[in-house]
Structure formats: C-alpha cells, structure tokens
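A.B. asks: Dumping the structure here so I can ask a few things about it.
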Amino acid sequence: LVIRATRIAAGVRIADNMPDETRLRAILSDENVRRLQDRLRAGGGMEGPTEQWTSEPPPGADPGHTTSFSIADHEGNLVCITQSLGSVFGSGVAVPGTGVLLNNFLYWADVQPGSPNLAKPGLPLAMCMAPSISTRDGEPCLALGTPGSYGILQTQAQALVSHLDFGLGLQAAIDAPRARLWDGRLVEIENRVAPEVLVALRE
C-alpha cells in the first residue's frame, strides 16, 4: 500500500511541484483525495516517474552529497537540517564563519521544454530535500530528515508510517527495511525483507 501510495504521490508532485494556492487547494480537496484513494485501492500494476518530469537522469548524476541531522534540547526545541551540495562541481566553498557550504543545485533544475516544473528566473527552485518537524497539539514532537536524492521523500514517509501506524519506536522505524521506487515500474527493496514477502509483492 505504501509503495502504491508513493508511486501516486510522486506523480502528483511531479505534475504540480510548486502549485499556487488555488491549485494546492484543488490538489488537497476532498474530491481529489477520494480520487487518489480510488487509484490506490484499484489494484494492478502501476508505473510512472518518481524523479523529475523527464525520466532521463542528468548525465553523471551522483546523489551522494547530502547529509541531515536533527537536534532537540531539554526545553523541547527541535531543529532539522538537511544540507546538500547538489553535485560536486561548483561547490565546496564555505561561507566564512558559518561552516555552510555553497551548493550546485542549479544542476538539478528542470530545463525540459513543456515540463510543469520548468525553472524560470525569479521563481523558487523545486527541491527534493524535506527536513520536517511534526507537531502534536501545536507543539513540536518529532524531527526527521534524511539524505537520498528523490528517495528522501520516500524514506521519510516510510519511517513515519512505521512509527505512527505500526507503533515502532523512532530508532526501530528508521532502521526498518525500506523500498525505493525509481522511474517506470522499478521498485528496489532492501535485502532485509523476507523472500516470501518479495514473492507476494511480485504477484
């Protein structure tokens, strides 16, 4: 169910990565959510993009330049930071006195003609990093971030499902085996998942 939901959510994100307020209300409307739930429960194979609008990765793409950390203090303050270079070329310069490295995320900008996420001057750059703080009754209670390119959005959702829906402790939820969806129909599942589960998923 989570794998199917991830595939659907990726398609929605790619089609409307930076919606204005009117479009966002339409995406989150009860009617649209019911339509997405129907697709989720429909069964059958699913395929679609999970990365950018185009299914072709950038030449020489290497997503190994990201880290994330979360900190809480005794007063209940939380911070979650995800830092990424985007790619090595053009980065590696630290802002004096800060320890913050400049990045090369323009390398990730969507420049495909016809893309709904086409990068344009003056607009925010669509970003896959998603440091998050969850709240309970308006108070911060959980910080969660991760590296992993477009897999960030999938890893965090799976950890939260394990923690919130299945009651695993936070560390156990983070350590639980996961799947990573790629463009098309490909689902890469960690080898810690039992073989009989993989057989059932293939069916």
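Simple scheme: letters A, B, ... for chains in structure tokens order, numbers from 1 for residues in each chain, numbers from 1 for ligands in the order shown.
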Using DSSP on the backbone coordinates, identify the residues of region 6-173 of chain A assigned to strand (DSSP E or B); present them as a list of chain:residue names.

C.D. replies: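 Across region 6-173 of chain A, those assigned strand (DSSP E or B) are A:Gly48, A:Thr66, A:Thr67, A:Ser68, A:Phe69, A:Ser70, A:Ile71, A:Ala72, A:Leu78, A:Val79, A:Cys80, A:Ile81, A:Thr82, A:Gln83, A:Ser84, A:Ala94, A:Leu101, A:Ser132, A:Ile133, A:Ser134, A:Thr135, A:Arg136, A:Glu139, A:Pro140, A:Cys141, A:Leu142, A:Ala143, A:Leu144.
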
A.B. asks: With region 70-86 of chain A as the partner and 9 Å as the cut-off, tabulate the residues of region 121-194 of chain A that qualify, each row holding the nearest pair of atoms and their distance in Å to one decimal, using only C-alpha atoms, sorted by chain and rising number, as a Markdown table.

C.D. replies:
```
| residue | atom | partner | partner_atom | distance |
| --- | --- | --- | --- | --- |
| A:Met129 | CA | A:Thr82 | CA | 6.7 |
| A:Ala130 | CA | A:Thr82 | CA | 7.4 |
| A:Pro131 | CA | A:Cys80 | CA | 5.6 |
| A:Ser132 | CA | A:Cys80 | CA | 6.4 |
| A:Ile133 | CA | A:Cys80 | CA | 7.0 |
| A:Glu139 | CA | A:Gly76 | CA | 8.7 |
| A:Pro140 | CA | A:Leu78 | CA | 6.8 |
| A:Cys141 | CA | A:Gly76 | CA | 7.7 |
| A:Leu142 | CA | A:Leu78 | CA | 7.6 |
| A:Ala143 | CA | A:Cys80 | CA | 5.8 |
| A:Leu144 | CA | A:Cys80 | CA | 6.5 |
| A:Gly145 | CA | A:Cys80 | CA | 6.4 |
| A:Thr146 | CA | A:Thr82 | CA | 6.9 |
| A:Pro147 | CA | A:Thr82 | CA | 7.2 |
| A:Ser149 | CA | A:Gly86 | CA | 8.7 |
```

A.B. asks: Excluding Ser91 (chain A) and its own-chain neighbours fewer than 4 positions away, which residues fall within 6 Å of it when counting only C-alpha atoms? Please give them as a PyMOL selection string.

C.D. replies: chain A and resi 102-104

A.B. asks: For region 30-44 of chain A, please output as a PyMOL selection string all residues within 10 Å (counting only C-alpha atoms; exclusion window: fewer than 2 positions along the same chain).

C.D. replies: chain A and resi 1-9+12+25-28+46+203

A.B. asks: To one decimal place in Å, what is the distance between CA of Thr22 (chain A) and CA of Pro116 (chain A)?

C.D. replies: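 These two atoms are separated by 15.8 Å.
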
A.B. asks: Between A:Ile174, A:Gly148, A:Met127, A:Ala10, single out the one closest to Ser162 (chain A), counting only C-alpha atoms.

C.D. replies: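 Ranked by minimum distance to Ser162 (chain A), first place goes to A:Ile174.
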
A.B. asks: Can you list, as a PyMOL selection string, every protein, DNA or RNA residue that comes within 12 Å of Ala159 (chain A) when you count only C-alpha atoms, leaving out same-chain residues fewer than 3 positions away?

C.D. replies: chain A and resi 2+142-146+152-156+162-179

A.B. asks: As a PyMOL selection string, which residues of chain A does DSSP assign to helix (DSSP H, G or I)?

C.D. replies: chain A and resi 2-15+21-27+30-41+105-108+149-165+170-175+195-202

A.B. asks: Between A:Ser134, A:Gln52, A:Thr67, A:Asn191, which residue has the minimum interatomic distance to Ser115 (chain A), considering only C-alpha atoms?

C.D. replies: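 Using only C-alpha atoms, Ser115 (chain A) sits closest to A:Gln52.
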
A.B. asks: Work out how far apart CA of Glu188 (chain A) and CA of Ala200 (chain A) are and give it in Å to one decimal.

C.D. replies: 14.8 Å

A.B. asks: Which residue is closest to Pro19 (chain A)? Choose from A:Leu201, A:Leu123, A:Val193, A:Leu160 and count only C-alpha atoms.

C.D. replies: A:Leu123

A.B. asks: With only C-alpha atoms as the atoms that count, which of A:Val199, A:Leu118, A:Ala194, A:Val100 lies nearest to Ile14 (chain A)?

C.D. replies: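 Under the stated criterion, the closest residue is A:Leu118.
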